[in-house]
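Novice: Pasting a structure here, questions to come.
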Amino acid sequence: MIKADLVIKNARQVLTCRGEAPKLREQMMEIGLITQGWVASGRGKITYVGDEKGYRAKVTPEEGCQVIDASEAVVLPGLVDSHTHLVFGGSREGEFVQRLWGMSYQEIAQSGGGILSTVRATRAASYEELLRDARRRLDRMLRLGTTTCEAKSGYGLTVDDELKLLRISRELHQSHPADIVNTFLGAHTFPPEYISRKEEYVDLIISEFIPRVKEEGLAEFCDVFCEEGAFSVEQSRAILESAAQLGFKLKLHADQLTHSGGAELAAELGAISADHLDYISDRGVELLAEKGVAAVLLPGSNFFLRLKRYPPARRMIEAGVPVTLATDFNPGTAMNESMPLTIALACLEMGLFPEEAINAATINSAYAVELHKSVGSIEVGKKADFIICSIPNYLHLIYHWGINHVHTVVKDGKIVVREGKIVNQSSFP
Ligand SMILES: [Zn+2]
């Protein structure tokens, strides 16, 4: 018999998102739907998923087993947010209003705004302040159904400040119910003190930053903002190759504002993901498909910047690129932690079907952080990470948009959000 210490019974729908990862082309329409579904877990792992008959025949609940009646609800895998800038100081609401007045990014940067204003605020903030703010954001993510997220450094830009940001997300990974995958993004932008000595900063990242991050075991991934005005293809290649040599897995901010050749570079280097991709070339699409590089699409930032152009998601799906979704949560261009809203925007602005968008936010997003063997779908042996939404069917997650439908979140087999509220978090102020 299979043992269980937590059971979800009689869900209207269980979306398992099961199957081999990543899902490609028409597989993205397959969500592994079970109606009147039952899910059981033991010791934090999924032990059963199927119908009631199978449950009765195979599963024995242990003494004290928690039972959740989901007869009015829909169960999905915990959402995976594969691209966030979780830890930073300050905020940039003034800049948001300046954009509404018609100021350009250039003008905003010249008036002291933009990414460097976040770098200043981040350097000035204490470890405790940054930790407290990041924890609040992570709490919001959890309440919105995100059980695993990636977090990048990139607002420190000195070795000590970058390490500080990574230590904070590492501490949160250990102390908060949500899991965090760390990415070192020292090559986010050039710090003001190196603005006229760019090559020196690239050398510093290679000779000092990356080895220190490695030494302290603070990140699994290394990322570079490859763009005109940021890091060139040559500079990005040098940084990423040196990171790969030390065992880092690679990501790339690619082709966001122009066709910079970032997607081609991601394919060349065997990166796990290329992110943004608004201006990806046809050749770039082909190469990502050929090499199985995940395309992490971030429609929330396009929406917030009021851009008319979105990444060509349909073309990528048709070409066989592993398409994934993430929030890009950051203070400048996407101050929003919501994966459900991101899923809705993917449908409304990029023409994804709901099934494709849900797979892109779960199993394929797990692939983009190389965790698809343990999270991203409801399958026996995986982590018991689920969300239970108070909706009549899964289409309401998107159709009834902009609302938090997440009622209960189970992480590692434990209820961590109940009735939309975080359970047992003594550290919450
Ligand atoms: Zn980003």
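So you can find residues: chains in the structure tokens are A, B, ... in the order shown, residues in each start at 1, and ligands are numbered from 1 in order.
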Find the residues of chain A that sit at most 12 Å from ligand 1; for each, write down the nearest two atoms and how far apart they are in Å, to one decimal. Count only C-alpha atoms and all ligand atoms. Sort by chain, then by number going up, and give it as CSV.
Specialist:
residue,atom,partner,partner_atom_place_in_ligand_line,distance
A:Asp81,CA,ligand 1,1 (Zn),11.8
A:Ser82,CA,ligand 1,1 (Zn),10.1
A:His83,CA,ligand 1,1 (Zn),6.3
A:Thr84,CA,ligand 1,1 (Zn),6.3
A:His85,CA,ligand 1,1 (Zn),6.4
A:Leu86,CA,ligand 1,1 (Zn),10.1
A:Ile115,CA,ligand 1,1 (Zn),11.3
A:Glu150,CA,ligand 1,1 (Zn),10.6
A:Ala151,CA,ligand 1,1 (Zn),9.6
A:Lys152,CA,ligand 1,1 (Zn),8.0
A:Ser153,CA,ligand 1,1 (Zn),10.1
A:Gly154,CA,ligand 1,1 (Zn),9.4
A:Tyr155,CA,ligand 1,1 (Zn),11.3
A:Thr183,CA,ligand 1,1 (Zn),10.9
A:Phe184,CA,ligand 1,1 (Zn),11.8
A:Leu185,CA,ligand 1,1 (Zn),9.3
A:Ala187,CA,ligand 1,1 (Zn),11.5
A:His188,CA,ligand 1,1 (Zn),8.6
A:Thr189,CA,ligand 1,1 (Zn),11.3
A:Asp223,CA,ligand 1,1 (Zn),9.4
A:Val224,CA,ligand 1,1 (Zn),9.6
A:Phe225,CA,ligand 1,1 (Zn),8.0
A:Cys226,CA,ligand 1,1 (Zn),11.0
A:Lys251,CA,ligand 1,1 (Zn),10.4
A:Leu252,CA,ligand 1,1 (Zn),9.1
A:His253,CA,ligand 1,1 (Zn),6.5
A:Ala254,CA,ligand 1,1 (Zn),9.7
A:Asp255,CA,ligand 1,1 (Zn),11.9
A:Gln256,CA,ligand 1,1 (Zn),9.7
A:Ala274,CA,ligand 1,1 (Zn),10.6
A:Asp275,CA,ligand 1,1 (Zn),7.6
A:His276,CA,ligand 1,1 (Zn),7.8
A:Leu277,CA,ligand 1,1 (Zn),11.3
A:Val296,CA,ligand 1,1 (Zn),10.0
A:Leu297,CA,ligand 1,1 (Zn),10.2
A:Leu298,CA,ligand 1,1 (Zn),8.4
A:Pro299,CA,ligand 1,1 (Zn),11.5
A:Gly300,CA,ligand 1,1 (Zn),11.1
A:Ser301,CA,ligand 1,1 (Zn),9.1
A:Asn302,CA,ligand 1,1 (Zn),11.8
A:Ala326,CA,ligand 1,1 (Zn),9.6
A:Thr327,CA,ligand 1,1 (Zn),8.9
A:Asp328,CA,ligand 1,1 (Zn),5.2
A:Phe329,CA,ligand 1,1 (Zn),7.6
A:Asn330,CA,ligand 1,1 (Zn),7.3
A:Pro331,CA,ligand 1,1 (Zn),10.5
A:Gly332,CA,ligand 1,1 (Zn),10.1
A:Thr333,CA,ligand 1,1 (Zn),8.9
A:Ala334,CA,ligand 1,1 (Zn),9.1
A:Met335,CA,ligand 1,1 (Zn),11.6
Novice: Can you tell me which residues surround A:Cys347 at a distance of at most 7 Å, considering only C-alpha atoms, apart from same-chain residues fewer than 6 positions away, and format the answer as number ranges by chain?
Specialist: A: 353-354, 357
Novice: How would the residues just picked look written out with all heavy atoms as a compact mmCIF listing (two decimals), in the first residue's frame?
Specialist:
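Okay, part_12.txt is ready:
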# COMPACT_ATOMS: atom_id res chain seq x y z
N PHE A 353 -2.43 29.66 -26.08
CA PHE A 353 -3.65 29.07 -25.56
C PHE A 353 -3.44 28.81 -24.07
O PHE A 353 -2.30 28.65 -23.62
CB PHE A 353 -3.99 27.79 -26.32
CG PHE A 353 -4.36 28.07 -27.76
CD1 PHE A 353 -3.48 27.82 -28.80
CD2 PHE A 353 -5.59 28.65 -28.05
CE1 PHE A 353 -3.82 28.12 -30.12
CE2 PHE A 353 -5.93 28.96 -29.37
CZ PHE A 353 -5.05 28.69 -30.40
N PRO A 354 -4.55 28.79 -23.31
CA PRO A 354 -4.41 28.61 -21.86
C PRO A 354 -3.55 27.40 -21.49
O PRO A 354 -2.72 27.47 -20.57
CB PRO A 354 -5.85 28.43 -21.39
CG PRO A 354 -6.65 29.21 -22.37
CD PRO A 354 -5.95 29.04 -23.70
N ALA A 357 0.08 28.18 -22.03
CA ALA A 357 0.60 29.13 -21.04
C ALA A 357 0.80 28.46 -19.69
O ALA A 357 1.78 28.73 -18.98
CB ALA A 357 -0.36 30.32 -20.92
Novice: Any idea what's packed within 8 Å of A:Ala267, counting only C-alpha atoms, ignoring anything in its chain fewer than 5 positions away? Could you give it as a short mmCIF file (atom, residue, chain, number, x, y, z; two decimals) with all heavy atoms, in the first residue's frame?
Specialist:
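So the final result, stored in around.cif, reads:
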data_model
loop_
_atom_site.label_atom_id
_atom_site.label_comp_id
_atom_site.auth_asym_id
_atom_site.auth_seq_id
_atom_site.Cartn_x
_atom_site.Cartn_y
_atom_site.Cartn_z
N LEU A 287 17.91 28.07 -33.90
CA LEU A 287 19.02 27.59 -33.06
C LEU A 287 18.54 27.19 -31.66
O LEU A 287 18.99 26.18 -31.11
CB LEU A 287 20.11 28.65 -32.96
CG LEU A 287 20.98 28.79 -34.21
CD1 LEU A 287 21.83 30.05 -34.13
CD2 LEU A 287 21.87 27.56 -34.39
N LEU A 288 17.63 27.98 -31.08
CA LEU A 288 17.12 27.63 -29.75
C LEU A 288 16.41 26.29 -29.81
O LEU A 288 16.55 25.44 -28.91
CB LEU A 288 16.17 28.70 -29.22
CG LEU A 288 16.73 30.09 -28.93
CD1 LEU A 288 15.70 30.93 -28.17
CD2 LEU A 288 18.03 30.05 -28.15
N LYS A 291 19.00 23.40 -30.19
CA LYS A 291 19.81 23.11 -29.00
C LYS A 291 18.98 22.90 -27.73
O LYS A 291 19.53 22.70 -26.65
CB LYS A 291 20.79 24.26 -28.73
CG LYS A 291 21.71 24.57 -29.90
CD LYS A 291 22.86 23.58 -29.96
CE LYS A 291 23.78 23.95 -31.11
NZ LYS A 291 24.86 23.03 -31.32
N VAL A 293 17.36 25.13 -26.04
CA VAL A 293 17.51 26.25 -25.09
C VAL A 293 16.11 26.80 -24.77
O VAL A 293 15.35 27.11 -25.68
CB VAL A 293 18.38 27.38 -25.67
CG1 VAL A 293 18.51 28.53 -24.70
CG2 VAL A 293 19.74 26.84 -26.10
#
Novice: Using only C-alpha atoms, which of the listed residues (A:Ile168, A:Val321, A:Val406, A:Leu163) sits closest to A:Glu290?
Specialist: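 Looking only at the distances to A:Glu290, the closest residue turns out to be A:Val321.
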Novice: Restricting the calculation to only C-alpha atoms: of A:Glu356, A:Ala73, A:Glu268, A:Gln98, which residue gets closest to A:His405?
Specialist: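 So, comparing all the options, the nearest one is A:Ala73.
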Novice: Which neighbours of A:Glu220 fall inside 12 Å, counting only C-alpha atoms, when residues of the same chain fewer than 6 positions from it are skipped, and could you give them as a list in words?
Specialist: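 Once the adjacent positions are removed, what remains is Glu150, Ala151, Lys152, Ser153, Leu166, Arg170, Ile180, Val181, Asn182, Thr183, Phe184, Leu185, Ile210, Val213, Lys214, Ala243, Ala244, Leu246, Gly247, Phe248, Lys249, Leu250, Lys251, Ile272, Val369, Glu370 and Leu371 of chain A.
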Novice: Could the residues in this selection be written to a file with N, CA, C and O atoms, as an mmCIF file, in the first residue's frame?
Specialist:
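Saved result, result32.cif, follows:
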data_model
loop_
_atom_site.group_PDB
_atom_site.id
_atom_site.type_symbol
_atom_site.label_atom_id
_atom_site.label_comp_id
_atom_site.auth_asym_id
_atom_site.auth_seq_id
_atom_site.Cartn_x
_atom_site.Cartn_y
_atom_site.Cartn_z
ATOM 1 N N GLU A 150 13.419 31.706 -9.411
ATOM 2 C CA GLU A 150 14.817 32.027 -9.641
ATOM 3 C C GLU A 150 15.014 33.449 -9.146
ATOM 4 O O GLU A 150 14.065 34.244 -9.177
ATOM 5 N N ALA A 151 16.219 33.769 -8.610
ATOM 6 C CA ALA A 151 16.492 35.138 -8.156
ATOM 7 C C ALA A 151 17.886 35.534 -8.609
ATOM 8 O O ALA A 151 18.855 34.818 -8.372
ATOM 9 N N LYS A 152 17.966 36.695 -9.243
ATOM 10 C CA LYS A 152 19.242 37.170 -9.766
ATOM 11 C C LYS A 152 19.826 38.246 -8.856
ATOM 12 O O LYS A 152 19.083 39.046 -8.289
ATOM 13 N N SER A 153 21.138 38.291 -8.782
ATOM 14 C CA SER A 153 21.796 39.466 -8.204
ATOM 15 C C SER A 153 21.830 40.517 -9.321
ATOM 16 O O SER A 153 21.089 40.420 -10.286
ATOM 17 N N LEU A 166 23.223 37.701 -3.125
ATOM 18 C CA LEU A 166 23.110 36.249 -3.264
ATOM 19 C C LEU A 166 22.970 35.563 -1.906
ATOM 20 O O LEU A 166 22.248 34.574 -1.781
ATOM 21 N N ARG A 170 19.912 33.253 -0.754
ATOM 22 C CA ARG A 170 20.234 31.927 -0.211
ATOM 23 C C ARG A 170 19.597 31.740 1.176
ATOM 24 O O ARG A 170 19.024 30.701 1.474
ATOM 25 N N ILE A 180 14.333 28.745 -3.893
ATOM 26 C CA ILE A 180 14.947 29.776 -4.744
ATOM 27 C C ILE A 180 16.182 29.213 -5.422
ATOM 28 O O ILE A 180 17.031 28.598 -4.781
ATOM 29 N N VAL A 181 16.282 29.454 -6.710
ATOM 30 C CA VAL A 181 17.482 29.122 -7.481
ATOM 31 C C VAL A 181 18.249 30.427 -7.694
ATOM 32 O O VAL A 181 17.676 31.397 -8.189
ATOM 33 N N ASN A 182 19.518 30.442 -7.320
ATOM 34 C CA ASN A 182 20.284 31.688 -7.415
ATOM 35 C C ASN A 182 21.023 31.836 -8.746
ATOM 36 O O ASN A 182 21.646 30.889 -9.229
ATOM 37 N N THR A 183 20.979 33.056 -9.279
ATOM 38 C CA THR A 183 21.718 33.386 -10.496
ATOM 39 C C THR A 183 22.589 34.608 -10.242
ATOM 40 O O THR A 183 22.100 35.633 -9.744
ATOM 41 N N PHE A 184 23.856 34.498 -10.593
ATOM 42 C CA PHE A 184 24.767 35.641 -10.484
ATOM 43 C C PHE A 184 24.662 36.483 -11.759
ATOM 44 O O PHE A 184 24.869 35.994 -12.862
ATOM 45 N N LEU A 185 24.291 37.767 -11.579
ATOM 46 C CA LEU A 185 24.138 38.675 -12.725
ATOM 47 C C LEU A 185 24.973 39.940 -12.486
ATOM 48 O O LEU A 185 24.473 41.057 -12.569
ATOM 49 N N ILE A 210 33.239 36.078 -10.309
ATOM 50 C CA ILE A 210 32.788 34.705 -10.571
ATOM 51 C C ILE A 210 33.510 33.700 -9.666
ATOM 52 O O ILE A 210 32.850 32.857 -9.037
ATOM 53 N N VAL A 213 31.949 33.952 -6.138
ATOM 54 C CA VAL A 213 30.596 33.366 -6.068
ATOM 55 C C VAL A 213 30.711 31.847 -6.045
ATOM 56 O O VAL A 213 30.019 31.157 -5.292
ATOM 57 N N LYS A 214 31.641 31.331 -6.852
ATOM 58 C CA LYS A 214 31.868 29.883 -6.910
ATOM 59 C C LYS A 214 32.384 29.353 -5.569
ATOM 60 O O LYS A 214 31.865 28.376 -5.020
ATOM 61 N N ALA A 243 32.518 31.452 -16.680
ATOM 62 C CA ALA A 243 31.595 30.891 -15.676
ATOM 63 C C ALA A 243 31.374 29.402 -15.938
ATOM 64 O O ALA A 243 31.364 28.600 -15.002
ATOM 65 N N ALA A 244 31.195 29.046 -17.190
ATOM 66 C CA ALA A 244 30.958 27.636 -17.537
ATOM 67 C C ALA A 244 32.149 26.775 -17.115
ATOM 68 O O ALA A 244 31.975 25.658 -16.633
ATOM 69 N N LEU A 246 33.920 27.127 -14.616
ATOM 70 C CA LEU A 246 33.871 26.883 -13.168
ATOM 71 C C LEU A 246 32.626 26.096 -12.769
ATOM 72 O O LEU A 246 32.348 25.919 -11.583
ATOM 73 N N GLY A 247 31.866 25.663 -13.762
ATOM 74 C CA GLY A 247 30.730 24.791 -13.465
ATOM 75 C C GLY A 247 29.381 25.484 -13.355
ATOM 76 O O GLY A 247 28.395 24.858 -12.981
ATOM 77 N N PHE A 248 29.319 26.777 -13.666
ATOM 78 C CA PHE A 248 28.017 27.460 -13.646
ATOM 79 C C PHE A 248 27.191 27.054 -14.864
ATOM 80 O O PHE A 248 27.737 26.860 -15.951
ATOM 81 N N LYS A 249 25.877 26.955 -14.676
ATOM 82 C CA LYS A 249 24.970 26.819 -15.808
ATOM 83 C C LYS A 249 24.659 28.240 -16.298
ATOM 84 O O LYS A 249 24.772 29.198 -15.533
ATOM 85 N N LEU A 250 24.284 28.349 -17.574
ATOM 86 C CA LEU A 250 24.215 29.690 -18.172
ATOM 87 C C LEU A 250 22.801 30.125 -18.534
ATOM 88 O O LEU A 250 21.973 29.319 -18.945
ATOM 89 N N LYS A 251 22.603 31.439 -18.370
ATOM 90 C CA LYS A 251 21.403 32.125 -18.836
ATOM 91 C C LYS A 251 21.835 33.397 -19.539
ATOM 92 O O LYS A 251 22.962 33.854 -19.344
ATOM 93 N N ILE A 272 21.175 27.193 -20.674
ATOM 94 C CA ILE A 272 19.901 26.559 -20.317
ATOM 95 C C ILE A 272 18.742 27.408 -20.829
ATOM 96 O O ILE A 272 17.745 26.886 -21.303
ATOM 97 N N VAL A 369 15.063 26.297 -15.212
ATOM 98 C CA VAL A 369 15.974 26.383 -14.060
ATOM 99 C C VAL A 369 16.531 24.992 -13.722
ATOM 100 O O VAL A 369 17.040 24.762 -12.626
ATOM 101 N N GLU A 370 16.395 24.087 -14.666
ATOM 102 C CA GLU A 370 16.878 22.699 -14.537
ATOM 103 C C GLU A 370 16.366 21.990 -13.292
ATOM 104 O O GLU A 370 17.112 21.277 -12.623
ATOM 105 N N LEU A 371 15.090 22.206 -12.982
ATOM 106 C CA LEU A 371 14.486 21.502 -11.848
ATOM 107 C C LEU A 371 13.309 20.637 -12.299
ATOM 108 O O LEU A 371 12.478 20.241 -11.491
#
Novice: Contacts of A:Ser117 at 12 Å or less, counting only C-alpha atoms, minus same-chain residues fewer than 5 places along, as a list of chain:residue names?
Specialist: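 Surrounding residues, per the criterion: A:Phe88, A:Gly89, A:Gly90, A:Ser91, A:Arg92, A:Glu93, A:Gly94, A:Glu95, A:Ile108, A:Ala109, A:Gln110, A:Ser111, A:Gly112, A:Thr122, A:Arg123, A:Ala124, A:Tyr155, A:Gly156, A:Thr189, A:Pro191, A:Pro192, A:Pro331, A:Gly332.
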Novice: If you run DSSP over the backbone, which residues in stretch 97-212 of chain A end up helix (DSSP H, G or I)? Put them as a VMD selection string.
Specialist: chain A and resid 97 to 100 105 to 110 115 to 124 127 to 143 159 to 175 192 to 194 198 to 212
Novice: If we count only C-alpha atoms and set the cut-off at 8 Å, which residues sit around A:Gly78, ignoring sequence neighbours fewer than 3 positions away in its own chain? Please answer as a CSV table (one decimal) with N, CA, C and O atoms, in the first residue's frame.
Specialist:
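This is the output file result-v4.csv:
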chain,number,residue,atom,x,y,z
A,145,GLY,N,0.8,31.6,-5.7
A,145,GLY,CA,1.0,30.2,-6.2
A,145,GLY,C,2.4,29.9,-6.7
A,145,GLY,O,2.6,28.8,-7.2
A,146,THR,N,3.4,30.8,-6.5
A,146,THR,CA,4.7,30.4,-6.9
A,146,THR,C,5.4,29.7,-5.8
A,146,THR,O,5.6,30.2,-4.7
A,147,THR,N,5.8,28.5,-6.1
A,147,THR,CA,6.5,27.7,-5.0
A,147,THR,C,8.0,27.5,-5.3
A,147,THR,O,8.7,27.1,-4.4
A,148,THR,N,8.4,27.9,-6.5
A,148,THR,CA,9.8,27.9,-6.8
A,148,THR,C,10.1,29.1,-7.7
A,148,THR,O,9.4,29.4,-8.6
A,362,THR,N,4.8,26.1,-15.6
A,362,THR,CA,5.0,25.1,-14.7
A,362,THR,C,6.2,24.2,-15.1
A,362,THR,O,7.3,24.5,-14.8
A,375,VAL,N,10.2,19.3,-9.8
A,375,VAL,CA,9.0,20.1,-9.7
A,375,VAL,C,8.4,20.4,-11.1
A,375,VAL,O,8.9,20.0,-12.1
A,376,GLY,N,7.3,21.1,-11.1
A,376,GLY,CA,6.7,21.6,-12.4
A,376,GLY,C,5.5,20.7,-12.9
A,376,GLY,O,4.9,21.1,-13.8
A,377,SER,N,5.3,19.5,-12.2
A,377,SER,CA,4.2,18.7,-12.6
A,377,SER,C,3.8,17.9,-11.4
A,377,SER,O,4.5,17.7,-10.5
A,385,ASP,N,4.3,19.9,-4.4
A,385,ASP,CA,4.1,21.3,-4.5
A,385,ASP,C,2.8,21.5,-5.4
A,385,ASP,O,2.9,21.3,-6.6
A,386,PHE,N,1.7,22.0,-4.7
A,386,PHE,CA,0.5,22.2,-5.5
A,386,PHE,C,-0.1,23.5,-5.1
A,386,PHE,O,0.1,24.0,-4.0
A,387,ILE,N,-1.0,24.0,-6.0
A,387,ILE,CA,-1.8,25.1,-5.6
A,387,ILE,C,-3.3,24.7,-5.9
A,387,ILE,O,-3.6,24.0,-6.8
A,409,VAL,N,-1.9,26.7,-0.8
A,409,VAL,CA,-0.7,26.3,-1.4
A,409,VAL,C,0.0,25.2,-0.5
A,409,VAL,O,0.0,25.4,0.7
A,410,VAL,N,0.3,24.1,-1.2
A,410,VAL,CA,1.1,23.0,-0.5
A,410,VAL,C,2.5,23.0,-1.0
A,410,VAL,O,2.7,23.0,-2.2
A,411,LYS,N,3.5,23.1,-0.1
A,411,LYS,CA,4.9,23.1,-0.5
A,411,LYS,C,5.6,22.0,0.2
A,411,LYS,O,5.5,21.9,1.5
Novice: Need the shell around A:Met141: protein/DNA/RNA residues with any atom at most 10 Å away, counting only C-alpha atoms. Skip same-chain ones fewer than 2 positions apart. Format as a list of chain:residue names?
Specialist: A:Leu79, A:Asp81, A:Arg135, A:Arg136, A:Arg137, A:Leu138, A:Asp139, A:Arg143, A:Leu144, A:Gly145, A:Thr146, A:Thr147, A:Thr148, A:Cys149, A:Ala178, A:Asn336, A:Glu337, A:Ser338, A:Met339
Novice: Output the selection as a CSV table (one decimal), in the first residue's frame - N, CA and C atoms for each residue.
Specialist:
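Everything below was put into selection.csv:
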chain,number,residue,atom,x,y,z
A,79,LEU,N,3.5,26.9,-9.2
A,79,LEU,CA,4.0,27.7,-10.3
A,79,LEU,C,5.5,27.9,-10.2
A,81,ASP,N,8.5,30.4,-11.2
A,81,ASP,CA,8.9,31.7,-11.8
A,81,ASP,C,10.4,31.7,-12.1
A,135,ARG,N,11.8,39.2,1.5
A,135,ARG,CA,10.9,38.2,2.1
A,135,ARG,C,9.4,38.5,1.9
A,136,ARG,N,9.1,39.8,2.0
A,136,ARG,CA,7.7,40.2,1.7
A,136,ARG,C,7.3,39.9,0.3
A,137,ARG,N,8.2,40.1,-0.6
A,137,ARG,CA,7.9,39.8,-2.0
A,137,ARG,C,7.7,38.3,-2.2
A,138,LEU,N,8.6,37.6,-1.6
A,138,LEU,CA,8.5,36.1,-1.7
A,138,LEU,C,7.2,35.6,-1.1
A,139,ASP,N,6.7,36.2,0.0
A,139,ASP,CA,5.4,35.9,0.6
A,139,ASP,C,4.3,36.2,-0.4
A,143,ARG,N,1.7,33.4,-2.0
A,143,ARG,CA,0.3,33.6,-2.0
A,143,ARG,C,-0.4,33.5,-3.4
A,144,LEU,N,0.5,33.9,-4.4
A,144,LEU,CA,0.0,33.9,-5.8
A,144,LEU,C,0.3,32.6,-6.5
A,145,GLY,N,0.8,31.6,-5.7
A,145,GLY,CA,1.0,30.2,-6.2
A,145,GLY,C,2.4,29.9,-6.7
A,146,THR,N,3.4,30.8,-6.5
A,146,THR,CA,4.7,30.4,-6.9
A,146,THR,C,5.4,29.7,-5.8
A,147,THR,N,5.8,28.5,-6.1
A,147,THR,CA,6.5,27.7,-5.0
A,147,THR,C,8.0,27.5,-5.3
A,148,THR,N,8.4,27.9,-6.5
A,148,THR,CA,9.8,27.9,-6.8
A,148,THR,C,10.1,29.1,-7.7
A,149,CYS,N,11.2,29.9,-7.3
A,149,CYS,CA,11.5,31.0,-8.2
A,149,CYS,C,13.0,31.1,-8.3
A,178,ALA,N,9.1,28.8,0.1
A,178,ALA,CA,9.4,28.7,-1.4
A,178,ALA,C,10.9,28.3,-1.6
A,336,ASN,N,5.8,43.4,-10.4
A,336,ASN,CA,4.6,42.5,-10.2
A,336,ASN,C,5.1,41.1,-10.0
A,337,GLU,N,4.6,40.4,-9.0
A,337,GLU,CA,5.0,39.1,-8.6
A,337,GLU,C,4.1,38.0,-9.1
A,338,SER,N,3.1,38.4,-9.9
A,338,SER,CA,2.1,37.4,-10.2
A,338,SER,C,2.3,36.5,-11.4
A,339,MET,N,2.5,35.2,-11.2
A,339,MET,CA,2.5,34.3,-12.4
A,339,MET,C,1.2,34.1,-13.0
Novice: Compare A:Leu15, A:Ala219, A:Ala4, A:Ile280 by their minimum atom-to-atom distance to A:Ala313, counting only C-alpha atoms, and give me the closest one.
Specialist: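 Among the listed residues, the smallest separation from A:Ala313 belongs to A:Ile280.
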Novice: With distances taken over only C-alpha atoms, which of A:Gly186, A:Arg56, A:Glu162, A:Ser71 is nearest to A:Ser390?
Specialist: A:Ser71
Novice: Select, from A:Leu157, A:Leu240, A:Leu397, A:Ala11, the residue with the minimum atom-to-atom distance to A:Leu341, counting only C-alpha atoms.
Specialist: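 Comparing A:Leu157, A:Leu240, A:Leu397, A:Ala11 against A:Leu341, the winner is A:Leu397.
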Novice: Residues of stretch 135-216 of chain A in strand (DSSP E) according to DSSP, as a ChimeraX atom specification?
Specialist: /A:146-152,179-187
Novice: Please compute the atom CA of A:Phe221-atom CA of A:Val323 distance, one decimal, in Å.
Specialist: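 Separation between atom CA of A:Phe221 and atom CA of A:Val323: 19.0 Å.
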Novice: Taking only C-alpha atoms into account, name the residue in A:Phe190, A:Phe96, A:Tyr55, A:Trp38 that is nearest to A:Phe304.
Specialist: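 Nearest candidate to A:Phe304 out of A:Phe190, A:Phe96, A:Tyr55, A:Trp38: A:Phe96.
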Novice: Using Å and a single decimal, report how far atom CA of A:Thr258 sits from atom CA of A:Glu228.
Specialist: 7.2 Å
